[in-house]
Structure formats: structure tokens, C-alpha cells
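Following: one structure in C-alpha cells, then a few remarks.
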Amino acid sequence: MGILSAVAAAAATAGLERAAEKLPKENREPFERTNHRGESVTLLEGPVAVLGALAGVAASRGNGKVKTAALVAGAVSGAVGAYDDLRGTTQAKGFRGHLSALRRGEVTSGAVKILGVGAAGLAAAALLPRKSRGVKAFAGVVADGALIAGTANLTNLLDLRPGRALKAVTALNAPLAVVSGPAGAVVGAAGASAPSDLGERSMLGDCGANGLGAITGTALAASLPRPLKTLVLAAVVGLNLASEKVSFTKFIADTPVLDKIDQWGRRPR
């Protein structure tokens, strides 16, 4: 099930990437950005990777509710991420910045993304199959929604250096990829996107990071046993909160093992 979705996602992503490279210059320009080296990269990797992953999910064989949940989570989170990529500003950053702006009556693109990803997470969680009913089922939907949305945002927070976010989602999905169609789809899309991302020709942006992260969160919510899922949720929430005060890039650079993993496949500093 997961192998089929990985192959389908990789093939779709590779094909879409080739098509994106042939777009006229005027169509590519809105997606051009400057990376950490001051070099030009394209954000087209994001929509390409998300569409590729969604194709992989659609091609997978498995529980229909899980497939639908992953499609909803990935499509909506990717769409609001794309909106932030194309319409966003840097005046407000992080949850605190966007929510503070919202209290002042200013609706930032980041606030739209936060609300959209949160709504997508809850909608996807509500679609997942459940054995419980009543209050326990409601609590499960809220927890799974938080896991999906939190994983989407955490993936976005990691998309500050080449390949970092792709390595993270691959590590989370690989153990589930054999049995989970959504997990396999993310692995396939990430693998096909990696050469361009690591080569610093493109980056996921909010669209790609939020979309792949949301599908990853859905795979985790649908596949993990409850005790392990609770631990993963706690870690995801904790890391999201920590990001308001801690620079992940500095922490990774100061931790030899993490720094070595972060440098795999990348151009020398």
C-alpha cells in the first residue's frame, strides 16, 4: 500500500517538476525568492511536491477515510501555505506576532495560514475512523487535529536550510511507509524533490512544508498507537512552543550530530 503510493508520488513529483521548469519566465517570477546564501531559488518546489504527494495518496490502497483525511489536510494546508508564500509579508512572525496583529484588527497572511491549517487539521481528524464515541471521540478529534496542524507548522519551521524539512518528514514517515499510503506518498514526493532542494535550486516554502507536514501528521494520527501518539503530540507541541524563543538553526548548528545530519547532501558552507 505505502510502496505503491511512494512510487506514484515520486513519479508525479518528478513529472510536475519537469513541467514547472518549462514554464515561461513571467509565470515563474512570482515564485522566485532569495535563500540564506543570497542566491535565487524557486518556491515552485512546494506546489509540485504537494501535488505529487496528493497523487500518491490518491493512488494508494487502504482505508478510504484515512485517504480522504490526508487529501483534505494536504490540499488545504498547501493552499493556505501558497497564499502566504505569494501574498505574505515579514511584518509579523510566529504565532505571537500573527495573533497580536489579529488582536489589533490586522488580518495577516500568516494568520490566514494558521487558521486554515488548524481548520484543515480538525477536518482531517474528524474524518479519521474511530472506535470510541461521545466525549472520548471528541477529545480524540481535538488531539489528532492538534497533531496534524502542529506537524504542518513544525515542518514549516524547519524549512530554513536546504533539505532540512524533507529529511524531517522522511524520517517521520519512513517507519510507516510500508503500511500507510499517506506516509509512503510523502516519502516518494520528498525523495523526488530532494535533488533540487539540496542543490539549492528550490525550496518548499510554506506551501510545500505545510502540505507535506499536514499529510505526515495525518499518517501519524491514523497509524500510531495511542500512547506513542500522545508522546509524539507532546513533542510536536513542545517544539512549536520552543520555536518562539529558540532558533532551531542555531541549536542544530551547535549540536554536532544534528549538524552532521543537516549537512548531508548539501553544498559546503
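Within each chain, counting starts at residue 1; across the C-alpha cells, chains are named A, B, ... in the order shown, with ligands numbered 1 upward in that order.
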
Those of segment 31-182 of chain A in DSSP strand (DSSP E or B), formatted as a ChimeraX atom specification:
/A:32-34,40-42

Restricting the output to N, CA and C atoms, write the selected residues as a tab-separated table (two decimals), in the first residue's frame.
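File produced: result-v8.tsv:
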chain	number	residue	atom	x	y	z
A	32	GLU	N	9.99	33.31	-7.28
A	32	GLU	CA	11.42	33.45	-7.04
A	32	GLU	C	11.67	34.12	-5.69
A	33	ARG	N	12.60	33.56	-4.94
A	33	ARG	CA	12.97	34.12	-3.64
A	33	ARG	C	14.49	34.06	-3.48
A	34	THR	N	15.00	34.75	-2.44
A	34	THR	CA	16.42	34.73	-2.13
A	34	THR	C	16.65	33.84	-0.92
A	40	SER	N	19.21	33.12	-5.72
A	40	SER	CA	17.81	32.98	-6.14
A	40	SER	C	17.40	31.50	-6.17
A	41	VAL	N	16.25	31.21	-5.59
A	41	VAL	CA	15.67	29.86	-5.64
A	41	VAL	C	14.18	30.02	-5.98
A	42	THR	N	13.56	28.92	-6.38
A	42	THR	CA	12.13	28.97	-6.70
A	42	THR	C	11.31	28.24	-5.64

Which polymer residues have any atom within 8 Å of an atom of Ala8 of chain A, counting only C-alpha atoms, with same-chain residues fewer than 6 positions away left out, as a PyMOL selection string?
chain A and resi 52+55-56+59+185+188

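Separating atom CA of Leu241 of chain A from atom CA of Val169 of chain A is a distance of 19.1 Å.
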
Using only C-alpha atoms, pick whichever of A:Cys207, A:Val57, A:Val117, A:Val257 has the shortest atom-to-atom distance to Tyr83 of chain A.
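Of the candidates, the smallest distance to Tyr83 of chain A is held by A:Cys207.
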
Find the spatial neighbours of segment 69-73 of chain A, counting only C-alpha atoms, within a cut-off of 8 Å - ignore same-chain residues fewer than 3 positions away - and output them as a CSV table (one decimal) with all heavy atoms, in the first residue's frame.
chain,number,residue,atom,x,y,z
A,54,LEU,N,-0.1,14.3,-3.0
A,54,LEU,CA,-1.6,14.1,-3.1
A,54,LEU,C,-1.9,13.0,-4.2
A,54,LEU,O,-2.8,12.2,-4.0
A,54,LEU,CB,-2.3,15.4,-3.4
A,54,LEU,CG,-2.3,16.4,-2.3
A,54,LEU,CD1,-2.9,17.7,-2.8
A,54,LEU,CD2,-3.0,16.0,-1.1
A,57,VAL,N,-1.2,9.7,-2.5
A,57,VAL,CA,-2.3,9.4,-1.6
A,57,VAL,C,-3.5,8.8,-2.3
A,57,VAL,O,-4.0,7.8,-2.0
A,57,VAL,CB,-2.7,10.6,-0.7
A,57,VAL,CG1,-3.9,10.2,0.1
A,57,VAL,CG2,-1.6,11.0,0.2
A,58,ALA,N,-3.8,9.5,-3.4
A,58,ALA,CA,-5.0,9.1,-4.2
A,58,ALA,C,-4.8,7.7,-4.8
A,58,ALA,O,-5.7,6.9,-5.0
A,58,ALA,CB,-5.3,10.1,-5.3
A,65,LYS,N,-11.3,6.5,4.5
A,65,LYS,CA,-11.4,7.6,5.4
A,65,LYS,C,-10.1,8.2,5.6
A,65,LYS,O,-9.9,9.5,5.7
A,65,LYS,CB,-12.1,7.2,6.7
A,65,LYS,CG,-13.6,6.9,6.6
A,65,LYS,CD,-14.1,6.6,8.0
A,65,LYS,CE,-15.6,6.4,7.9
A,65,LYS,NZ,-16.2,6.1,9.2
A,66,VAL,N,-9.0,7.4,5.8
A,66,VAL,CA,-7.7,7.9,6.0
A,66,VAL,C,-7.2,8.6,4.8
A,66,VAL,O,-6.6,9.7,4.8
A,66,VAL,CB,-6.7,6.7,6.4
A,66,VAL,CG1,-5.3,7.2,6.4
A,66,VAL,CG2,-7.1,6.1,7.7
A,76,VAL,N,-5.6,21.5,1.7
A,76,VAL,CA,-6.0,22.8,2.3
A,76,VAL,C,-4.8,23.5,2.9
A,76,VAL,O,-4.5,24.7,2.8
A,76,VAL,CB,-7.1,22.6,3.4
A,76,VAL,CG1,-7.4,23.9,4.1
A,76,VAL,CG2,-8.4,22.1,2.8
A,77,SER,N,-3.9,22.7,3.6
A,77,SER,CA,-2.7,23.3,4.2
A,77,SER,C,-1.8,23.8,3.2
A,77,SER,O,-1.1,24.9,3.3
A,77,SER,CB,-2.0,22.2,5.1
A,77,SER,OG,-2.9,21.9,6.2
A,117,VAL,N,-4.7,26.1,8.4
A,117,VAL,CA,-4.0,24.8,8.8
A,117,VAL,C,-4.7,24.2,10.0
A,117,VAL,O,-4.9,23.0,10.0
A,117,VAL,CB,-2.5,25.0,9.0
A,117,VAL,CG1,-1.9,23.8,9.6
A,117,VAL,CG2,-1.8,25.4,7.8
A,120,ALA,N,-8.0,22.7,8.7
A,120,ALA,CA,-7.7,21.5,7.9
A,120,ALA,C,-7.3,20.3,8.8
A,120,ALA,O,-7.8,19.2,8.6
A,120,ALA,CB,-6.5,21.8,7.0
A,121,GLY,N,-6.6,20.6,9.9
A,121,GLY,CA,-6.2,19.6,10.8
A,121,GLY,C,-7.4,19.0,11.5
A,121,GLY,O,-7.6,17.8,11.6
A,123,ALA,N,-10.6,19.1,10.5
A,123,ALA,CA,-11.4,18.5,9.5
A,123,ALA,C,-10.9,17.1,9.2
A,123,ALA,O,-11.6,16.1,9.1
A,123,ALA,CB,-11.5,19.3,8.2
A,124,ALA,N,-9.6,17.0,9.0
A,124,ALA,CA,-9.0,15.7,8.7
A,124,ALA,C,-9.1,14.8,9.8
A,124,ALA,O,-9.4,13.6,9.7
A,124,ALA,CB,-7.5,15.9,8.3
A,125,ALA,N,-8.9,15.3,11.1
A,125,ALA,CA,-9.1,14.4,12.2
A,125,ALA,C,-10.5,13.9,12.4
A,125,ALA,O,-10.7,12.7,12.8
A,125,ALA,CB,-8.7,15.2,13.5
A,127,LEU,N,-12.4,13.2,10.0
A,127,LEU,CA,-12.7,12.1,9.0
A,127,LEU,C,-12.0,10.8,9.3
A,127,LEU,O,-12.5,9.8,8.8
A,127,LEU,CB,-12.1,12.6,7.7
A,127,LEU,CG,-12.9,13.8,7.0
A,127,LEU,CD1,-12.0,14.4,5.9
A,127,LEU,CD2,-14.2,13.3,6.5
A,128,LEU,N,-11.1,10.8,10.2
A,128,LEU,CA,-10.4,9.5,10.5
A,128,LEU,C,-11.3,8.6,11.3
A,128,LEU,O,-12.2,9.0,12.1
A,128,LEU,CB,-9.1,9.8,11.4
A,128,LEU,CG,-8.0,10.6,10.8
A,128,LEU,CD1,-6.9,10.9,11.8
A,128,LEU,CD2,-7.4,9.8,9.6
A,148,ILE,N,-2.0,17.0,13.6
A,148,ILE,CA,-1.9,17.3,12.2
A,148,ILE,C,-1.4,18.7,11.9
A,148,ILE,O,-0.5,19.0,11.2
A,148,ILE,CB,-3.2,17.0,11.5
A,148,ILE,CG1,-3.5,15.5,11.6
A,148,ILE,CG2,-3.2,17.5,10.0
A,148,ILE,CD1,-5.0,15.2,11.2
A,182,PRO,N,-0.6,7.5,3.0
A,182,PRO,CA,-0.1,8.8,3.1
A,182,PRO,C,1.4,9.0,3.5
A,182,PRO,O,2.1,9.8,2.9
A,182,PRO,CB,-1.0,9.4,4.2
A,182,PRO,CG,-2.3,8.6,4.1
A,182,PRO,CD,-1.8,7.2,3.7
A,211,GLY,N,1.9,21.6,3.5
A,211,GLY,CA,1.2,20.5,2.8
A,211,GLY,C,1.8,19.1,3.2
A,211,GLY,O,1.0,18.2,3.6
A,214,ALA,N,1.3,18.4,6.9
A,214,ALA,CA,-0.1,18.0,7.3
A,214,ALA,C,-0.4,16.6,6.9
A,214,ALA,O,-1.1,15.8,7.7
A,214,ALA,CB,-1.1,18.9,6.6
A,215,ILE,N,0.1,16.1,5.7
A,215,ILE,CA,-0.1,14.7,5.4
A,215,ILE,C,0.7,13.8,6.3
A,215,ILE,O,0.2,12.7,6.7
A,215,ILE,CB,0.4,14.5,3.9
A,215,ILE,CG1,-0.5,15.3,2.9
A,215,ILE,CG2,0.2,13.0,3.5
A,215,ILE,CD1,0.0,15.3,1.5
A,218,THR,N,-1.3,13.5,9.5
A,218,THR,CA,-2.4,12.6,9.3
A,218,THR,C,-2.0,11.2,9.3
A,218,THR,O,-2.7,10.3,9.9
A,218,THR,CB,-3.1,12.9,7.9
A,218,THR,OG1,-3.5,14.3,7.9
A,218,THR,CG2,-4.4,12.1,7.8
A,219,ALA,N,-0.9,10.9,8.7
A,219,ALA,CA,-0.3,9.5,8.8
A,219,ALA,C,0.0,9.1,10.2
A,219,ALA,O,-0.3,7.9,10.6
A,219,ALA,CB,0.9,9.4,7.9

Backbone-only DSSP, alpha helix (DSSP H) members of segment 11-111 of chain A, as a PyMOL selection string
chain A and resi 11-21+25-28+45-59+64-87+94-103+109-111

Counting only C-alpha atoms, figure out which residue out of A:Ala235, A:Ala119, A:Ala183, A:Leu157 gets nearest to Ser247 of chain A.
A:Leu157

Using only C-alpha atoms, the residue out of A:Val178, A:Ala11, A:Ala149, A:Ala137 with shortest distance to Val236 of chain A is A:Ala149

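Summary of the local environment: counting only C-alpha atoms, residues at most 9 Å from Val112 of chain A, other than itself and those fewer than 4 positions away along its chain, are Val80, Tyr83, Asp84, Val107, Thr108, Gly116 and Val117 of chain A.
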
Writer output for current selection, C-alpha atoms, as a PDB file, in the first residue's frame:
ATOM      1  CA  VAL A  80      -3.152  28.432   2.551  1.00  0.00           C
ATOM      2  CA  TYR A  83      -1.343  32.073  -0.226  1.00  0.00           C
ATOM      3  CA  ASP A  84       1.181  33.061   2.442  1.00  0.00           C
ATOM      4  CA  VAL A 107      -5.523  40.037   9.356  1.00  0.00           C
ATOM      5  CA  THR A 108      -2.091  38.925   8.150  1.00  0.00           C
ATOM      6  CA  GLY A 116      -6.516  27.444   7.627  1.00  0.00           C
ATOM      7  CA  VAL A 117      -4.020  24.811   8.755  1.00  0.00           C
TER       8      VAL A 117
END

Excluding Leu220 of chain A and any residue of its chain fewer than 4 positions from it, enumerate the residues within 9 Å of it, using only C-alpha atoms, and give them as a ChimeraX atom specification.
/A:144,147-148,172-173,176,183,215-216,224,229,232

Next, dump the selected residues to file, keeping only C-alpha atoms, as a PDB file, in the first residue's frame.
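Generated output (result-v3.pdb):
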ATOM      1  CA  ASP A 144      -5.435  14.419  16.293  1.00  0.00           C
ATOM      2  CA  LEU A 147      -1.084  16.721  15.871  1.00  0.00           C
ATOM      3  CA  ILE A 148      -1.855  17.309  12.186  1.00  0.00           C
ATOM      4  CA  LEU A 172       8.829  10.554  10.433  1.00  0.00           C
ATOM      5  CA  ASN A 173       7.123   8.744   7.559  1.00  0.00           C
ATOM      6  CA  LEU A 176       5.114   3.850   8.471  1.00  0.00           C
ATOM      7  CA  ALA A 183       3.262   8.131   4.700  1.00  0.00           C
ATOM      8  CA  ILE A 215      -0.104  14.718   5.359  1.00  0.00           C
ATOM      9  CA  THR A 216       2.640  13.496   7.704  1.00  0.00           C
ATOM     10  CA  LEU A 224       0.311   5.270  15.779  1.00  0.00           C
ATOM     11  CA  LYS A 229       0.753   9.209  19.545  1.00  0.00           C
ATOM     12  CA  VAL A 232       4.594  12.498  19.559  1.00  0.00           C
TER      13      VAL A 232
END

Using only C-alpha atoms, find the one residue out of A:Leu204, A:Val142, A:Ala194, A:Leu122 that sits nearest to Leu160 of chain A.
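Among the listed residues, A:Leu204 lies closest to Leu160 of chain A.
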